[in-house]
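> Below: one structure in structure tokens.
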Amino acid sequence: MNAPLLQITDLTTQLGNPKQPSQVVDKINLEIYPGETFALLGESGCGKSMTALSIMRLLPLSGRIIEGCVQFSDVGDLLDLPEKEMRRIRGGQMAMIFQEPQTSLNPVMTVGRQIAEAVELHDVQRKTNSTKRVIELLDAVGIPDPKRRAKEYPHQLSGGMKQRIMIAMALAGKPKLLIADEPTTALDVTIQAQVLQLLKDLQQDTGMAVLLITHDLGVVAETADRLAVMYAGQIVETATSERFFSKPGHPYGRKLLKALPDASKRKQRLAVIPGMVPSLKQKFSNCRFVKRCDVAIAECSSEIPPWVFGSNNQQVRCHIWQSDTNKPLEQSILRNQDSGVLNDSSQDLHESQDFNQDNKDNQVNQGSKTLDQPSNNILLEARDLCVHFPIHKGILQRIIGHVRAVDGLSLNLYPGRTLALVGESGCGKTTAGKAILQLLRPTAGSVRFAGQELTSLSTNKLRPLRSMLQIIFQDPFASMNPRMLVGDIVAEGLIAQGLNNRSTRRAKVLKLLDQVGIASDAIDRYPHEFSGGQRQRICIARALAVEPSLIVCDEPTSALDVSVQAQIINLLKDLQINLDISYLFITHNISVVAYLADEVAVMYLGRIVEQGEVHEILEHPKHPYTKALLSAVPTIDDTGKQRIQLEGDLPSPADPPSGCHFHPRCPEATAACSLKYPDTVILSPTHSVRCEYAKF
């Protein structure tokens with residue numbers, strides 16, 4: 001094998017007060033070879049991004065590297081270089097793309113000028129003709145009409161295009177190593193597929209290595225050659241991608257895989273990892289995963305685990321792992337209930353507690369009935385719903401057009417069921433959800449809830465109905481007042497509706513927090529004191545406070561780690577079974593849809609293009625857009641999977657294409673598709689599609 005491009009030895013990084021520091025990276029050792037993709041995966045707070053920033057020497061002011069060596073190419077140890085020399089390495093031989101491109105781009109500079117800066121700094125041969133090189137880079141990353149786009153500002157580009165701009169900037173110096181920190185987390189599956197394919201193509205053309213930092217196991221399975229699993233600032237397992245997904249060694253990796261939702265797990269609860277990542281301010285004398293491990297033995301709580309070397313270059317930091325055993329880990333090790341490893345639940349906040357334990361045994365049967373037998377009574381009925389935003393221009397602000405965010409949406413939702421609304425960002429999903437709740441007033445159409453027309457009601461007449469209609473937002477932290485205590489946040493709806501007196505409200509808030517698995521002491525704490533998953537639970541408690549019949553869930557799990565996602569999904573499913581709540585679940589996560597949804601509506605440019613029972617849509621999709629959407633989902637087992645690559649981005653809803661809105665991107669389109677928007681084709685009593693060529 002060739003010499004490694006990057007070799008890290010005993011890298012140790014601290015943050016915060018030197019007297020009581022957080023050791024966010026603790027003696028990391030890894031090697032990355034030329035041309036390979038190496039993935040670093042784990043939960044938020046495990047130290048993945050800090051490892052990357054340590055390599056680049058871009059730590060925050062409170063950060064410092066106290067030990068280690070980072071050998072890179074023929075440069076030597078990066079930690080010994082003066083800052084002036086390190087600046088030449090950054091963006092030149094080593095580049096990084098960040099998770100959120102919007103915050104990484106300068107909003108007052110054109111994207112072409114920003115790329116040109118990188119070219120002029122790192123590409124000596126092209127320095128005098130940077131404009132030509134900018135166009136070449138934009139073309140290389142698949143930006144259409146690069147000459148025009150180079151003159152545009154970041155706010156004029158879609159999320160996928162911004163990420164491509166970041167990649168173009170990173171490529172300006174022809175790097176040998178590209179560090180990609182969660183490059184696809186905020187992207188739709190179709191745009192994510194384009195970005196991942198772009199990285200693969202560029203890797204083949206240039207031979208660069210990629211360090212991919214992510215918590216998306218599907219992305220890792222489809223792109224990585226080798227991987228390292230990181231937990232609490234420490235690497236606990238390294239393996240080839242194939243070996244890890246076929247036989248993970250560490251209990252943490254096994255739990256992550258079991259927490260992934262899919263259709264095969266619909267009749268059972270998802271595996272969760274109780275508790276939280278431990279504080280990194282402490283000095284560890286035991287296994288860092290011990291308090292969350294369900295197969296721990298006595299040694300795990302008293303001794304630091306050694307590295308165990310197995311076949312196929314797999315290494316695991318674990319007391320109980322046996323590389324060549326024929327028995328699964330869960331069968332070969334019996335949990336020692338008397339070892340005392342799980343007796344500290346102060347940080348757990350009940351996250352491993354099952355909701356309504358007394359009903360746990362009958363959840364599967366009751367859930368099956370709910371899934372398979374919809375009520376004849378429609379709880380929510382939307383017909384020809386439209387939300388058009390006017391476009392103003394000139395001094396007099398004349399209306400010159402409309403953004404057709406929602407353009408004739410129709411759907412039904414039954415009591416106790418989940419309808420998933422899926423599609424790319426910008427297709428109108430969130431706007432539709434807000435219009436259904438009358439948080440945005442529709443331009444046209446009808447919304448009937450429990451037989452009552454909502455669009456004709458005034459704000460005052462809508463107020464009594466607000467208790468029956470609630471929403472959970474994508475970003476729980478942004479949806480809570482940071483100056484309010486959790487108890488007051490959960491009680492907001494009760495106060496607004498004039499329900500209960502003060503003492504009764506407090507008792508109800510405590511009951512709600514317990515119901516969603518949050519400890520009672522949270523009532524007098526602030527939102528910033530909780531993890532992302534706990535904040536989302538608090539938002540769910542707030543929505544439940546007024547006993548709603550319908551909750552609109554707007555991407556409630558999109559920014560969560562797979563383990564926290566499993567906790568939230570289990571909670572939502574338990575609440576639905578026990579309280580008979582209906583969900584309108586807005587998402588682009590098809591795996592969550594497969595596990596949680598009863599029905600699916602696929603949305604494209606403001607309209608529903610296909611709708612049906614979850615098994616009809618996922619197993620027998622008929623619309624070309626639905627097929628492309630499903631094929632783009634990264635999975636840990638893609639055997640025999642055919643990827644349908646969609647070109648370009650979603651068209652502007654201010655100027656939709658003629659005929660079928662999807663025809664400019666459709667691989668099956670004909671000339672007739674541009675002439676007329678297709679009528680609805682009824683495939684079964686529950687399955688319909690808007691496509692002229694859909695076959696029964």
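Every chain in the structure tokens has a letter given in the order shown (A, B, ...), and although residue numbers restart at 1 in each chain, ligands are simply numbered from 1 in the order shown.
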For Val602 (chain A), work out the shell of residues within 12 Å, counting only C-alpha atoms and skipping chain neighbours fewer than 2 positions away, then give it as an MDAnalysis selection string.
chainID A and resid 409:411 419:424 427:429 585:588 590 593 599:600 604:614 617:618 621:630 687:690
> Taking 5 positions as the minimum chain separation for residues in the same chain, which residues sit within 12 Å of Val564 (chain A) when counting only C-alpha atoms? Answer as a ChimeraX atom specification.
/A:42-44,215,255-256,259-261,270-277,351-352,531-537,556-559,569-571
> For Gly45 (chain A), which residue out of A:Leu560, A:Lys393, A:Asp580, A:Leu469 is the nearest one, using only C-alpha atoms?
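Checking each candidate against Gly45 (chain A), we get A:Leu560 as the closest.
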> Neighbours of Pro482 (chain A) within 12 Å (only C-alpha atoms; same-chain residues fewer than 5 positions away dropped), as an mmCIF file with C-alpha atoms, in the first residue's frame?

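Written output follows (result-v2.cif):
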data_model
loop_
_atom_site.group_PDB
_atom_site.id
_atom_site.type_symbol
_atom_site.label_atom_id
_atom_site.label_comp_id
_atom_site.auth_asym_id
_atom_site.auth_seq_id
_atom_site.Cartn_x
_atom_site.Cartn_y
_atom_site.Cartn_z
ATOM 1 C CA PRO A 476 -36.687 23.429 18.371
ATOM 2 C CA PHE A 477 -34.220 25.992 19.740
ATOM 3 C CA ASP A 488 -43.501 28.561 31.028
ATOM 4 C CA ILE A 489 -42.774 27.460 27.448
ATOM 5 C CA ARG A 525 -34.372 25.378 33.538
ATOM 6 C CA TYR A 526 -33.740 27.211 30.246
ATOM 7 C CA PRO A 527 -33.744 25.778 26.681
ATOM 8 C CA HIS A 528 -29.975 26.172 26.211
ATOM 9 C CA GLU A 529 -29.374 23.663 29.011
ATOM 10 C CA PHE A 530 -30.743 20.775 26.939
ATOM 11 C CA ARG A 535 -35.469 20.395 23.137
#
> Looking at A:Met86, A:Ala140, A:Met50, A:Met166, which one is nearest to Phe98 (chain A), with distances taken over only C-alpha atoms?
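Among the listed residues, the smallest separation from Phe98 (chain A) belongs to A:Met166.
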> Using only C-alpha atoms, which residues sit within 6 Å of Arg317 (chain A) once same-chain residues fewer than 6 positions away are excluded, as a ChimeraX atom specification?
/A:236,305-307
> Can you work out the spacing between CA of Arg404 (chain A) and CA of Ser582 (chain A) in Å, to one decimal?
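CA of Ser582 (chain A) lies 27.4 Å from CA of Arg404 (chain A).
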> Would you mind telling me which residue in A:Glu242, A:Glu692, A:Asp181, A:Asp26 lies nearest to Glu668 (chain A) when using only C-alpha atoms?
A:Glu692
> Do you have the CA of Val219 (chain A)-CA of Gly35 (chain A) distance handy?
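For CA of Val219 (chain A) relative to CA of Gly35 (chain A), the distance reads 17.7 Å.
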> I need the residues in region 568-692 of chain A that are helix (DSSP H, G or I) according to DSSP; give them as a VMD selection string.
chain A and resid 568 to 579 590 to 596 614 to 619 624 to 631 671 to 674
> If DSSP is run on the backbone, what residues of region 118-198 of chain A are strand (DSSP E or B)? A reply as a ChimeraX atom specification would be ideal.
/A:177-181
> What does the file look like for those residues with N, CA and C atoms, as a short mmCIF file (atom, residue, chain, number, x, y, z; two decimals), in the first residue's frame?

data_model
loop_
_atom_site.label_atom_id
_atom_site.label_comp_id
_atom_site.auth_asym_id
_atom_site.auth_seq_id
_atom_site.Cartn_x
_atom_site.Cartn_y
_atom_site.Cartn_z
N LEU A 177 -6.19 16.85 -0.21
CA LEU A 177 -7.15 16.35 0.78
C LEU A 177 -8.30 17.34 0.91
N LEU A 178 -9.52 16.82 0.80
CA LEU A 178 -10.73 17.64 0.99
C LEU A 178 -11.44 17.15 2.24
N ILE A 179 -11.62 18.03 3.21
CA ILE A 179 -12.36 17.71 4.43
C ILE A 179 -13.79 18.22 4.25
N ALA A 180 -14.75 17.31 4.28
CA ALA A 180 -16.15 17.66 4.07
C ALA A 180 -16.91 17.44 5.37
N ASP A 181 -17.27 18.53 6.05
CA ASP A 181 -17.93 18.45 7.35
C ASP A 181 -19.44 18.51 7.17
#
> Can you measure CA of Pro464 (chain A) to CA of Leu512 (chain A) for me? One decimal in Å is fine.
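We find that CA of Pro464 (chain A) and CA of Leu512 (chain A) lie 21.2 Å from each other.
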> Which is closer to Ala95 (chain A) than all the others in A:Gly112, A:Gly408, A:Gly173, A:Pro18, using only C-alpha atoms?
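Among A:Gly112, A:Gly408, A:Gly173, A:Pro18, it is A:Gly173 that comes nearest to Ala95 (chain A).
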> Excluding Pro548 (chain A) and residues on its chain fewer than 6 positions from it, collect all residues at most 10 Å away from it, counting only C-alpha atoms, and give them as a VMD selection string.
chain A and resid 465 to 471 579 to 582
> Calculated over only C-alpha atoms, which of the candidates A:Ile28, A:Ala193, A:Val75, A:Val141 has the smallest distance to Ala632 (chain A)?
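Of the candidates, the smallest distance to Ala632 (chain A) is held by A:Ala193.
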> Using only C-alpha atoms, which residues sit within 7 Å of Ala239 (chain A) once same-chain residues fewer than 6 positions away are excluded, as a ChimeraX atom specification?
/A:226-228,313-315
> Just to be explicit: take each residue in the selection above, keep C-alpha atoms, and write the result as a CSV table (one decimal), in the first residue's frame.

chain,number,residue,atom,x,y,z
A,226,ARG,CA,-12.9,3.1,5.4
A,227,LEU,CA,-14.4,4.7,8.5
A,228,ALA,CA,-13.8,5.4,12.1
A,313,ASN,CA,-8.2,-4.5,9.4
A,314,GLN,CA,-11.1,-4.0,11.9
A,315,GLN,CA,-10.0,-2.6,15.3
> With distances taken over only C-alpha atoms, which of A:Ala405, A:Ile89, A:Ile320, A:Ala232 is nearest to Ala298 (chain A)?
A:Ile320
